[in-house]
>>> print(open('protein12.txt').read())   # compact mmCIF, C-alpha atoms and all ligand atoms
# COMPACT_ATOMS: atom_id res chain seq x y z
CA MET A 1 195.80 -16.65 138.06
CA ALA A 2 197.95 -15.52 135.16
CA LEU A 3 201.30 -14.22 136.35
CA MET A 4 202.60 -10.93 135.00
CA ASN A 5 206.03 -10.38 133.44
CA LYS A 6 207.93 -9.26 136.54
CA GLY A 7 210.27 -7.17 134.39
CA PHE A 8 207.51 -4.56 134.26
CA LEU A 9 208.03 -3.96 137.99
CA ASP A 10 211.60 -2.89 137.28
CA LEU A 11 210.65 -0.29 134.66
CA LYS A 12 211.17 3.30 135.69
CA LYS A 13 207.94 5.26 135.85
CA ASN A 14 207.41 6.80 132.44
CA TYR A 15 206.78 10.18 133.93
CA LEU A 16 208.93 12.55 131.81
CA PHE A 17 206.42 13.75 129.22
CA ILE A 18 203.50 13.33 131.64
CA GLU A 19 205.23 15.57 134.18
CA ILE A 20 206.11 18.12 131.47
CA GLY A 21 202.47 18.10 130.31
CA LYS A 22 201.25 18.60 133.88
CA ARG A 23 203.52 21.57 134.55
CA VAL A 24 202.70 23.19 131.21
CA LYS A 25 198.96 22.71 131.80
CA GLU A 26 199.15 24.34 135.22
CA TYR A 27 201.05 27.27 133.75
CA THR A 28 198.62 27.71 130.83
CA GLN A 29 195.63 27.59 133.14
CA ALA A 30 197.17 30.38 135.21
CA HIS A 31 198.16 32.41 132.10
CA PRO A 32 195.55 31.52 129.46
CA ASP A 33 196.40 34.41 127.09
CA ASN A 34 200.16 33.92 126.94
CA LYS A 35 202.02 32.26 124.08
CA ILE A 36 204.04 29.24 125.12
CA ILE A 37 206.65 28.00 122.65
CA ARG A 38 207.20 24.23 122.72
CA MET A 39 210.71 23.12 121.92
CA GLY A 40 210.65 19.85 123.80
CA ILE A 41 208.92 17.58 121.36
CA GLY A 42 210.84 15.21 119.13
CA ASP A 43 208.07 15.17 116.53
CA VAL A 44 208.38 16.92 113.19
CA THR A 45 206.14 19.83 112.15
CA GLN A 46 206.68 20.20 108.39
CA PRO A 47 204.44 18.27 105.93
CA LEU A 48 205.44 15.34 103.73
CA ALA A 49 207.23 16.17 100.48
CA LYS A 50 204.97 16.54 97.44
CA THR A 51 206.62 13.70 95.56
CA VAL A 52 206.01 11.41 98.54
CA VAL A 53 202.33 12.34 98.76
CA ASP A 54 201.91 11.87 94.99
CA ALA A 55 203.41 8.37 95.22
CA MET A 56 201.13 7.49 98.13
CA LYS A 57 198.03 8.71 96.26
CA LYS A 58 198.99 6.80 93.12
CA ALA A 59 199.46 3.63 95.17
CA ALA A 60 196.12 4.19 96.90
CA ASP A 61 194.48 4.41 93.47
CA GLU A 62 196.15 1.12 92.46
CA MET A 63 194.63 -0.48 95.55
CA GLY A 64 191.16 0.47 94.28
CA VAL A 65 191.54 -1.36 90.97
CA LYS A 66 191.15 -5.14 90.66
CA GLU A 67 194.21 -5.61 88.41
CA THR A 68 196.59 -3.70 90.68
CA PHE A 69 195.06 -4.39 94.10
CA ARG A 70 197.48 -5.97 96.60
CA GLY A 71 196.77 -8.01 99.73
CA TYR A 72 199.41 -9.43 102.04
CA GLU A 73 202.90 -8.85 100.83
CA ASP A 74 204.49 -12.28 100.19
CA SER A 75 207.55 -11.99 102.38
CA GLY A 76 206.40 -9.37 104.90
CA MET A 77 210.00 -8.11 104.73
CA GLY A 78 209.27 -5.32 102.26
CA TYR A 79 208.73 -5.02 98.52
CA ASP A 80 211.80 -5.43 96.34
CA PHE A 81 211.36 -1.91 94.90
CA LEU A 82 211.86 -0.38 98.36
CA ARG A 83 214.63 -2.72 99.49
CA GLU A 84 216.52 -1.88 96.29
CA ALA A 85 215.93 1.85 96.78
CA VAL A 86 217.37 1.67 100.32
CA ALA A 87 220.45 -0.26 99.13
CA LYS A 88 221.06 2.36 96.40
CA TYR A 89 220.70 5.12 98.99
CA TYR A 90 223.45 3.50 101.10
CA ALA A 91 225.63 3.20 98.00
CA SER A 92 225.17 6.95 97.40
CA TYR A 93 227.21 7.63 100.52
CA GLY A 94 229.69 4.84 99.97
CA VAL A 95 228.28 1.94 102.02
CA GLU A 96 227.67 -1.28 100.08
CA ILE A 97 224.74 -3.40 101.23
CA SER A 98 222.58 -5.84 99.34
CA PRO A 99 218.80 -5.28 98.92
CA ASP A 100 218.13 -8.65 100.56
CA GLU A 101 219.88 -7.41 103.72
CA VAL A 102 217.23 -4.65 104.04
CA LEU A 103 214.06 -5.43 106.00
CA ILE A 104 211.22 -2.93 105.88
CA SER A 105 209.40 -2.11 109.10
CA ASP A 106 206.82 0.28 110.50
CA GLY A 107 209.53 2.33 112.19
CA ALA A 108 212.69 2.28 114.24
CA LYS A 109 211.01 2.13 117.64
CA SER A 110 209.39 -1.24 116.92
CA ASP A 111 212.57 -2.78 115.56
CA CYS A 112 214.72 -1.40 118.42
CA GLY A 113 212.27 -2.97 120.85
CA ASN A 114 211.53 -6.21 118.97
CA ILE A 115 215.08 -7.18 118.04
CA GLY A 116 215.50 -8.45 121.61
CA ASP A 117 213.29 -11.44 120.73
CA VAL A 118 216.29 -12.97 118.95
CA PHE A 119 218.55 -12.72 122.03
CA ASP A 120 218.53 -15.01 125.07
CA PRO A 121 217.55 -13.29 128.36
CA SER A 122 221.00 -14.18 129.73
CA ASN A 123 222.71 -11.60 127.50
CA ASP A 124 223.93 -8.54 129.37
CA VAL A 125 223.05 -5.30 127.64
CA LEU A 126 225.18 -2.17 127.39
CA VAL A 127 223.37 1.11 126.80
CA THR A 128 224.84 4.60 126.74
CA ASP A 129 223.50 6.97 129.40
CA PRO A 130 221.65 9.25 128.60
CA ALA A 131 219.72 7.37 125.93
CA TYR A 132 216.48 7.06 123.98
CA PRO A 133 214.39 5.09 126.52
CA VAL A 134 213.34 2.14 124.28
CA TYR A 135 216.74 0.42 124.57
CA VAL A 136 216.50 0.15 128.34
CA ASP A 137 212.77 -0.49 128.70
CA SER A 138 212.54 -3.24 126.08
CA ASN A 139 215.43 -5.16 127.64
CA ILE A 140 214.06 -4.83 131.15
CA MET A 141 210.76 -6.21 129.81
CA GLY A 142 212.82 -8.99 128.24
CA GLY A 143 214.34 -9.88 131.63
CA ARG A 144 217.89 -8.80 130.74
CA LYS A 145 220.36 -6.98 132.93
CA VAL A 146 221.25 -3.50 131.66
CA TYR A 147 224.63 -1.83 132.18
CA TYR A 148 225.46 1.74 131.30
CA ALA A 149 228.33 3.41 129.44
CA ASP A 150 228.54 7.00 130.63
CA SER A 151 228.14 9.83 128.14
CA THR A 152 229.38 12.90 129.97
CA GLU A 153 230.61 16.42 129.47
CA GLU A 154 234.17 15.07 129.76
CA ASN A 155 233.83 12.69 126.79
CA GLY A 156 231.69 15.10 124.74
CA PHE A 157 228.62 12.90 125.40
CA ALA A 158 230.17 10.15 123.28
CA ALA A 159 230.39 7.14 125.62
CA MET A 160 233.14 4.67 124.80
CA PRO A 161 233.46 0.90 125.51
CA ASP A 162 234.03 -0.30 129.06
CA ASP A 163 236.33 -3.34 129.31
CA ASN A 164 234.90 -4.25 132.72
CA ILE A 165 231.59 -5.16 131.10
CA LYS A 166 231.19 -8.13 128.74
CA PRO A 167 227.86 -7.48 127.06
CA GLY A 168 226.05 -9.65 124.52
CA MET A 169 224.11 -6.66 123.19
CA ILE A 170 225.20 -3.04 122.74
CA TYR A 171 222.90 -0.15 121.77
CA LEU A 172 224.44 2.88 120.07
CA CYS A 173 222.66 5.88 118.61
CA SER A 174 224.41 8.40 116.38
CA PRO A 175 223.54 11.22 115.85
CA ASN A 176 222.35 10.82 119.38
CA ASN A 177 218.98 11.51 120.88
CA PRO A 178 219.06 13.36 123.29
CA THR A 179 222.63 14.72 123.20
CA GLY A 180 223.02 15.49 119.49
CA SER A 181 226.58 14.14 119.57
CA VAL A 182 227.84 12.14 116.58
CA TYR A 183 230.44 9.38 116.73
CA THR A 184 233.51 9.73 114.54
CA LYS A 185 234.75 6.82 112.40
CA GLU A 186 237.54 6.16 114.92
CA GLN A 187 235.10 6.02 117.82
CA LEU A 188 232.81 3.63 115.96
CA LYS A 189 235.82 1.49 115.06
CA ALA A 190 236.61 1.24 118.79
CA TRP A 191 233.05 0.03 119.43
CA VAL A 192 233.26 -2.48 116.57
CA ASP A 193 236.57 -3.85 117.89
CA TYR A 194 235.07 -4.13 121.38
CA ALA A 195 232.00 -5.95 120.04
CA LEU A 196 234.14 -8.37 118.01
CA LYS A 197 236.35 -9.05 121.05
CA ASN A 198 233.32 -9.82 123.22
CA LYS A 199 231.38 -11.56 120.44
CA ALA A 200 228.65 -9.03 121.10
CA ILE A 201 226.15 -7.58 118.65
CA ILE A 202 225.76 -3.81 118.22
CA ILE A 203 222.28 -2.50 117.56
CA PHE A 204 223.00 0.79 115.83
CA ASP A 205 220.17 3.31 115.72
CA ALA A 206 220.74 5.63 112.76
CA ALA A 207 217.36 7.40 112.93
CA TYR A 208 219.04 10.81 112.47
CA GLU A 209 221.65 9.93 109.81
CA ALA A 210 220.06 12.31 107.29
CA PHE A 211 220.96 15.27 109.52
CA ILE A 212 224.70 14.66 109.10
CA SER A 213 226.21 17.15 106.71
CA ASP A 214 229.89 16.77 107.65
CA PRO A 215 231.29 14.28 105.09
CA GLU A 216 233.88 13.08 107.62
CA LEU A 217 231.21 11.77 110.02
CA PRO A 218 229.87 8.24 109.45
CA ARG A 219 226.17 7.97 108.56
CA SER A 220 226.20 4.21 108.97
CA ILE A 221 228.14 1.85 111.19
CA LEU A 222 228.17 -0.65 108.32
CA GLY A 223 230.92 1.26 106.55
CA ILE A 224 233.28 0.63 109.48
CA GLU A 225 235.74 -2.25 109.01
CA GLY A 226 234.54 -5.37 110.83
CA ALA A 227 231.01 -4.03 111.45
CA ARG A 228 229.31 -6.47 109.10
CA LYS A 229 230.27 -9.27 111.50
CA CYS A 230 228.90 -7.57 114.63
CA ALA A 231 226.30 -4.89 113.84
CA ILE A 232 222.69 -4.42 112.87
CA GLU A 233 221.54 -1.01 111.71
CA ILE A 234 218.06 0.31 112.41
CA CYS A 235 216.82 3.37 110.57
CA SER A 236 213.63 5.31 110.06
CA LEU A 237 211.97 7.73 107.69
CA SER A 238 210.32 9.54 110.62
CA LYS A 239 212.85 12.34 110.83
CA THR A 240 214.45 11.86 107.39
CA ALA A 241 211.20 12.49 105.56
CA GLY A 242 208.51 13.41 108.11
CA PHE A 243 207.06 9.88 108.40
CA THR A 244 206.23 10.03 112.14
CA GLY A 245 202.54 9.70 111.31
CA THR A 246 203.02 7.64 108.13
CA ARG A 247 205.25 4.94 109.69
CA CYS A 248 208.08 3.33 107.78
CA GLY A 249 211.60 2.29 108.68
CA TYR A 250 214.19 -0.29 107.73
CA THR A 251 216.68 -2.55 109.42
CA VAL A 252 219.86 -3.76 107.74
CA ILE A 253 221.21 -7.14 108.83
CA PRO A 254 224.47 -8.13 107.10
CA LYS A 255 224.60 -11.69 105.77
CA GLU A 256 227.81 -12.35 107.70
CA LEU A 257 226.22 -11.59 111.09
CA MET A 258 225.99 -14.73 113.23
CA ILE A 259 224.68 -15.39 116.73
CA GLU A 260 225.71 -18.23 119.03
CA THR A 261 223.43 -21.27 119.42
CA PRO A 262 222.97 -23.04 122.79
CA ASP A 263 225.30 -25.87 121.70
CA GLY A 264 228.13 -23.44 120.91
CA GLY A 265 227.52 -23.37 117.17
CA GLU A 266 226.31 -20.36 115.27
CA MET A 267 223.31 -19.33 113.26
CA SER A 268 222.51 -16.53 110.80
CA PHE A 269 221.01 -13.57 112.63
CA MET A 270 219.01 -12.68 109.52
CA GLN A 271 217.41 -16.14 109.49
CA LEU A 272 216.26 -15.76 113.10
CA TRP A 273 214.98 -12.22 112.59
CA CYS A 274 213.00 -13.30 109.52
CA ARG A 275 211.55 -16.16 111.57
CA ARG A 276 210.56 -13.69 114.28
CA GLN A 277 209.00 -11.25 111.84
CA GLY A 278 207.25 -14.07 109.98
CA SER A 279 205.52 -15.02 113.22
CA LYS A 280 204.65 -11.59 114.55
CA PHE A 281 204.59 -9.04 111.70
CA ASN A 282 202.66 -8.81 108.44
CA GLY A 283 204.50 -6.00 106.73
CA VAL A 284 203.99 -2.32 105.94
CA SER A 285 201.12 -1.18 103.73
CA TYR A 286 201.71 -0.93 99.97
CA PRO A 287 200.91 2.83 99.69
CA VAL A 288 203.36 3.60 102.52
CA GLN A 289 206.11 1.54 100.90
CA ARG A 290 205.54 3.37 97.59
CA ALA A 291 205.69 6.68 99.50
CA ALA A 292 208.95 5.52 101.12
CA GLU A 293 210.36 4.55 97.73
CA ALA A 294 209.66 8.11 96.54
CA VAL A 295 211.83 9.47 99.38
CA PHE A 296 214.87 7.87 97.72
CA THR A 297 214.27 9.22 94.21
CA PRO A 298 216.37 12.25 93.19
CA GLU A 299 213.32 14.50 93.55
CA GLY A 300 212.43 12.91 96.91
CA ILE A 301 215.97 13.42 98.22
CA LYS A 302 215.90 17.04 97.05
CA GLN A 303 212.53 17.82 98.67
CA THR A 304 213.18 16.02 101.94
CA ARG A 305 216.64 17.64 102.25
CA GLU A 306 214.98 21.04 101.90
CA THR A 307 212.88 20.26 104.96
CA ILE A 308 215.95 19.05 106.85
CA ALA A 309 217.71 22.28 105.87
CA TYR A 310 214.75 24.18 107.31
CA TYR A 311 215.16 22.37 110.64
CA MET A 312 218.91 22.83 110.58
CA ARG A 313 218.44 26.57 110.12
CA ASN A 314 216.46 26.44 113.38
CA ALA A 315 219.25 24.42 114.96
CA LYS A 316 221.72 27.14 113.96
CA VAL A 317 219.56 29.82 115.55
CA ILE A 318 219.59 27.81 118.79
CA ALA A 319 223.30 27.01 118.63
CA ASP A 320 224.19 30.65 117.88
CA THR A 321 222.17 31.71 120.90
CA PHE A 322 224.10 29.43 123.24
CA ASP A 323 227.39 30.46 121.62
CA SER A 324 226.56 34.09 122.29
CA LEU A 325 225.61 33.28 125.89
CA GLY A 326 228.79 31.26 126.41
CA ILE A 327 226.76 28.20 127.46
CA LYS A 328 228.23 24.81 126.72
CA TYR A 329 226.25 22.49 124.41
CA THR A 330 226.55 19.51 122.11
CA GLY A 331 224.59 18.86 118.91
CA GLY A 332 222.92 21.37 116.64
CA LYS A 333 225.42 20.88 113.82
CA ASN A 334 224.79 17.40 112.46
CA SER A 335 221.71 16.78 114.56
CA PRO A 336 218.34 18.41 115.23
CA TYR A 337 218.94 18.30 118.99
CA ILE A 338 220.76 20.86 121.10
CA TRP A 339 221.84 19.56 124.49
CA PHE A 340 223.08 22.27 126.80
CA LYS A 341 224.30 22.65 130.33
CA CYS A 342 221.76 24.24 132.65
CA PRO A 343 223.09 27.63 133.72
CA ASP A 344 224.14 28.40 137.29
CA GLY A 345 224.55 24.72 138.17
CA GLU A 346 220.79 24.19 138.23
CA ASP A 347 219.31 20.69 137.98
CA SER A 348 217.30 20.10 134.84
CA TRP A 349 213.83 20.30 136.44
CA THR A 350 214.63 23.57 138.24
CA PHE A 351 215.78 25.00 134.92
CA PHE A 352 212.67 23.64 133.21
CA ASP A 353 210.50 25.64 135.64
CA ARG A 354 212.62 28.78 135.26
CA LEU A 355 212.41 28.59 131.48
CA LEU A 356 208.66 27.96 131.53
CA ASN A 357 207.82 30.61 134.11
CA ASN A 358 210.12 33.36 132.87
CA ALA A 359 210.45 32.78 129.12
CA GLU A 360 207.36 30.66 128.41
CA VAL A 361 209.51 28.17 126.51
CA VAL A 362 209.14 24.42 127.03
CA GLY A 363 212.09 22.06 126.67
CA THR A 364 212.98 18.59 127.92
CA PRO A 365 214.89 18.10 131.18
CA GLY A 366 217.93 15.91 130.55
CA ALA A 367 217.29 13.94 133.74
CA GLY A 368 214.48 12.15 131.90
CA PHE A 369 217.01 10.32 129.69
CA GLY A 370 219.27 8.86 132.37
CA LYS A 371 221.37 9.83 135.36
CA ASN A 372 224.02 11.64 133.30
CA GLY A 373 221.32 13.86 131.84
CA ASP A 374 220.73 15.73 135.07
CA GLY A 375 222.00 19.30 134.89
CA TRP A 376 221.49 19.21 131.11
CA PHE A 377 218.59 20.19 128.88
CA ARG A 378 217.34 19.27 125.39
CA LEU A 379 215.84 21.63 122.84
CA THR A 380 214.74 20.46 119.41
CA ALA A 381 214.93 22.17 116.04
CA PHE A 382 211.65 20.66 114.85
CA GLY A 383 209.52 23.77 115.47
CA THR A 384 208.78 26.58 113.03
CA TYR A 385 211.50 29.09 112.20
CA GLU A 386 209.45 32.01 113.58
CA ASN A 387 208.84 30.28 116.92
CA THR A 388 212.48 29.22 117.18
CA VAL A 389 213.68 32.78 116.66
CA GLU A 390 211.18 34.13 119.18
CA ALA A 391 212.03 31.45 121.74
CA MET A 392 215.72 32.18 121.42
CA GLU A 393 215.14 35.91 121.91
CA ARG A 394 213.31 35.07 125.12
CA VAL A 395 216.09 32.69 126.23
CA LYS A 396 218.72 35.37 125.55
CA LYS A 397 216.78 37.90 127.60
CA LEU A 398 216.37 35.45 130.44
CA LEU A 399 219.93 34.20 130.59
CA SER A 400 221.87 37.35 129.89
CA LYS A 401 220.38 39.06 132.94
N1 LIG B 1 215.27 6.11 117.48
C1 LIG B 1 215.50 7.32 117.99
C2 LIG B 1 216.86 7.65 118.50
C3 LIG B 1 214.48 8.28 118.08
O1 LIG B 1 214.72 9.48 118.62
C4 LIG B 1 213.19 7.95 117.59
C5 LIG B 1 212.07 8.88 117.66
O2 LIG B 1 212.09 9.94 118.23
C6 LIG B 1 213.01 6.67 117.07
C7 LIG B 1 214.06 5.77 117.03
C8 LIG B 1 211.64 6.23 116.64
O3 LIG B 1 211.48 6.28 115.30
P1 LIG B 1 210.16 5.74 114.59
O4 LIG B 1 209.23 6.91 114.49
O5 LIG B 1 210.66 5.27 113.28
O6 LIG B 1 209.59 4.64 115.40
>>> encode(input="protein12.txt", output="structure tokens")
Amino acid sequence: MALMNKGFLDLKKNYLFIEIGKRVKEYTQAHPDNKIIRMGIGDVTQPLAKTVVDAMKKAADEMGVKETFRGYEDSGMGYDFLREAVAKYYASYGVEISPDEVLISDGAKSDCGNIGDVFDPSNDVLVTDPAYPVYVDSNIMGGRKVYYADSTEENGFAAMPDDNIKPGMIYLCSPNNPTGSVYTKEQLKAWVDYALKNKAIIIFDAAYEAFISDPELPRSILGIEGARKCAIEICSLSKTAGFTGTRCGYTVIPKELMIETPDGGEMSFMQLWCRRQGSKFNGVSYPVQRAAEAVFTPEGIKQTRETIAYYMRNAKVIADTFDSLGIKYTGGKNSPYIWFKCPDGEDSWTFFDRLLNNAEVVGTPGAGFGKNGDGWFRLTAFGTYENTVEAMERVKKLLSK
């Protein structure tokens, strides 16, 4: 009989959103006429920018005409027009990359999970805790041992390198989901130095870079000295431009990045990743790549930044509420997530129930993102402004009692 991948037995039960759904359903069944406000989801709510939709429609029309129809994309790595647009976008905030270092994908989740194919199972993996679950799950499925760097209240939820661990792979996410914290240049430099010392590779998830407004905070690890020799950057248009249902992302692999071969030599990481993608991936559809290209035009940047500003206005409403309540939180300033300490020393599930039952607001218990998340709670700014204001009025009433 076929034998299963035993790594699956080591996966934690994926119960977080199922359990939230179950509790919310029970509550709604008992109170069918009440209005519940959902602030737990990480999905966006605002529509695609007009310029993006126009580009997608135009490309769809081209697909219906013999002369402009397109089948498989030759390389599967992305059309040149989009790879060039991404490289120009990086240059706009001072990070030089070449278009042929940009590889177009169907989103950051796939690339964060698939990149492990290039690494031997013997590599130890270092992941910050709490973290976006893909980093841990994909490596457990890949048979690798996962170690954790603690993100805690004491270090402002910005975990730093641990010299007792010698990882081959390191996952960093900044601005962070779920904690909303953002690494400074100095902190990223410390991670780069640590990776270079250990000959490790950093997989840097920049899915929320577009939410950074503070010019002092790095939007890419690739601008940090030494990073081109030890880091890959994975990014997505999901939150930047509302592509969660459209699907497009990109991964940047610097030409200098090498990985060790079994005989102690080295090989280009890019070459191996292209080999992997060539075997298992056939590219992103032409209309979606044209839509993605439109995101990076001046009009696209303007329209998508207006939507981000809308979300960040929500984030300010949430942050102001916790400021006024004197409750400690991270995020909300250069990130759409607000991560706060559950009041009265409650654990995150007890607070979840209190918030649901007394304020009819749904959030995400921090415990679902790792052991350091317990006692903490995540709210997102991706709802509507009206609901965010109403939810925060309810939270104020509940917590100022
Ligand atoms: N990385 C992080 C940190 C995320 O929070 C998310 C989605 O919530 C993703 C990646 C997934 O992005 P995509 O929709 O591009 O797969």
>>> residues_around(input="protein12.txt", residues="stretch 78-95 of chain A", least_positions_apart="3", cutoff="8 Å", atoms="all atoms listed in the file", output="list in words")
Glu73, Ser75, Ser98, Pro99, Asp100, Val102, Leu103, Ile104, Ser105, Ser220, Leu222, Gly223, Gly283, Val284, Gln289, Arg290, Ala292, Glu293, Phe296 and Thr297 of chain A
>>> axis_aligned_box(input="protein12.txt", around="stretch 91-99 of chain A", padding_each_side="6 Å", output="AutoDock Vina command-line options")
--center_x 224.2 --center_y 0.9 --center_z 99.7 --size_x 22.9 --size_y 25.5 --size_z 16.6
>>> closest_atom_pairs(input="protein12.txt", of="chain A", to="ligand LIG 1 (chain B)", cutoff="6 Å", atoms="only C-alpha atoms and all ligand atoms", output="JSON lines")
{"residue": "A:Gly42", "atom": "CA", "partner": "B:LIG1", "partner_atom": "O2", "distance": 5.5}
{"residue": "A:Gly107", "atom": "CA", "partner": "B:LIG1", "partner_atom": "O5", "distance": 3.3}
{"residue": "A:Ala108", "atom": "CA", "partner": "B:LIG1", "partner_atom": "O5", "distance": 3.7}
{"residue": "A:Lys109", "atom": "CA", "partner": "B:LIG1", "partner_atom": "O6", "distance": 3.7}
{"residue": "A:Tyr132", "atom": "CA", "partner": "B:LIG1", "partner_atom": "C2", "distance": 5.5}
{"residue": "A:Asn177", "atom": "CA", "partner": "B:LIG1", "partner_atom": "C2", "distance": 5.0}
{"residue": "A:Asp205", "atom": "CA", "partner": "B:LIG1", "partner_atom": "N1", "distance": 5.9}
{"residue": "A:Ala207", "atom": "CA", "partner": "B:LIG1", "partner_atom": "N1", "distance": 5.2}
{"residue": "A:Ser236", "atom": "CA", "partner": "B:LIG1", "partner_atom": "O5", "distance": 4.4}
{"residue": "A:Ser238", "atom": "CA", "partner": "B:LIG1", "partner_atom": "O4", "distance": 4.8}
{"residue": "A:Thr244", "atom": "CA", "partner": "B:LIG1", "partner_atom": "O4", "distance": 4.9}
{"residue": "A:Gly249", "atom": "CA", "partner": "B:LIG1", "partner_atom": "O5", "distance": 5.6}
>>> closest_residue(input="protein12.txt", among="A:Gly383, A:Asn334, A:Ile170, A:Gly278", to="A:Tyr183", atoms="only C-alpha atoms")
A:Asn334
>>> atom_distance(input="protein12.txt", atom1="atom CA of A:Gly226", atom2="atom CA of A:Met270")
17.2 Å
>>> residues_around(input="protein12.txt", residues="A:Ala381", least_positions_apart="5", cutoff="7 Å", atoms="all atoms listed in the file", output="PyMOL selection string")
chain A and resi 311-312+314-315+336-337
>>> closest_residue(input="protein12.txt", among="A:Phe340, A:Phe204, A:Phe8, A:Tyr72", to="A:Leu325", atoms="all atoms listed in the file")
A:Phe340
>>> atom_distance(input="protein12.txt", atom1="atom CA of A:Gly113", atom2="atom CA of A:Ser138")
5.2 Å
>>> residues_around(input="protein12.txt", residues="A:Cys112", least_positions_apart="6", cutoff="8 Å", atoms="only C-alpha atoms", output="PyMOL selection string")
chain A and resi 134-135+203+205+234
>>> write_last_selection(input="protein12.txt", atoms="C-alpha atoms", output="PDB file, in the coordinates of the input")
ATOM      1  CA  VAL A 134     213.340   2.140 124.280  1.00  0.00           C
ATOM      2  CA  TYR A 135     216.740   0.420 124.570  1.00  0.00           C
ATOM      3  CA  ILE A 203     222.280  -2.500 117.560  1.00  0.00           C
ATOM      4  CA  ASP A 205     220.170   3.310 115.720  1.00  0.00           C
ATOM      5  CA  ILE A 234     218.060   0.310 112.410  1.00  0.00           C
TER       6      ILE A 234
END
>>> closest_atom_pairs(input="protein12.txt", of="stretch 125-193 of chain A", to="stretch 10-13 of chain A", cutoff="8 Å", atoms="all atoms listed in the file", output="CSV")
residue,atom,partner,partner_atom,distance
A:Asp137,CA,A:Leu11,CA,6.3
A:Ile140,CA,A:Leu11,CA,6.7
A:Met141,CA,A:Leu11,CA,7.7
>>> atom_distance(input="protein12.txt", atom1="atom CA of A:Glu96", atom2="atom CA of A:Cys230")
15.9 Å
>>> residues_around(input="protein12.txt", residues="A:Ala359", least_positions_apart="3", cutoff="8 Å", atoms="only C-alpha atoms", output="list in words")
Arg354, Leu355, Leu356, Ala391, Arg394, Val395 and Leu398 of chain A
>>> residues_around(input="protein12.txt", residues="A:Leu257", least_positions_apart="4", cutoff="10 Å", atoms="all atoms listed in the file", output="PyMOL selection string")
chain A and resi 201+227-232+253+266-270
>>> closest_residue(input="protein12.txt", among="A:Thr246, A:Ser285, A:Thr179, A:Thr350", to="A:Leu379", atoms="only C-alpha atoms")
A:Thr179
>>> closest_residue(input="protein12.txt", among="A:Tyr148, A:Tyr15, A:Tyr250, A:Trp376", to="A:Asp129", atoms="all atoms listed in the file")
A:Tyr148
>>> closest_residue(input="protein12.txt", among="A:Asp74, A:Glu256, A:Glu62, A:Asp323", to="A:Glu101", atoms="all atoms listed in the file")
A:Glu256
>>> closest_residue(input="protein12.txt", among="A:Gly373, A:Pro287, A:Pro218, A:Pro365", to="A:Asp54", atoms="all atoms listed in the file")
A:Pro287
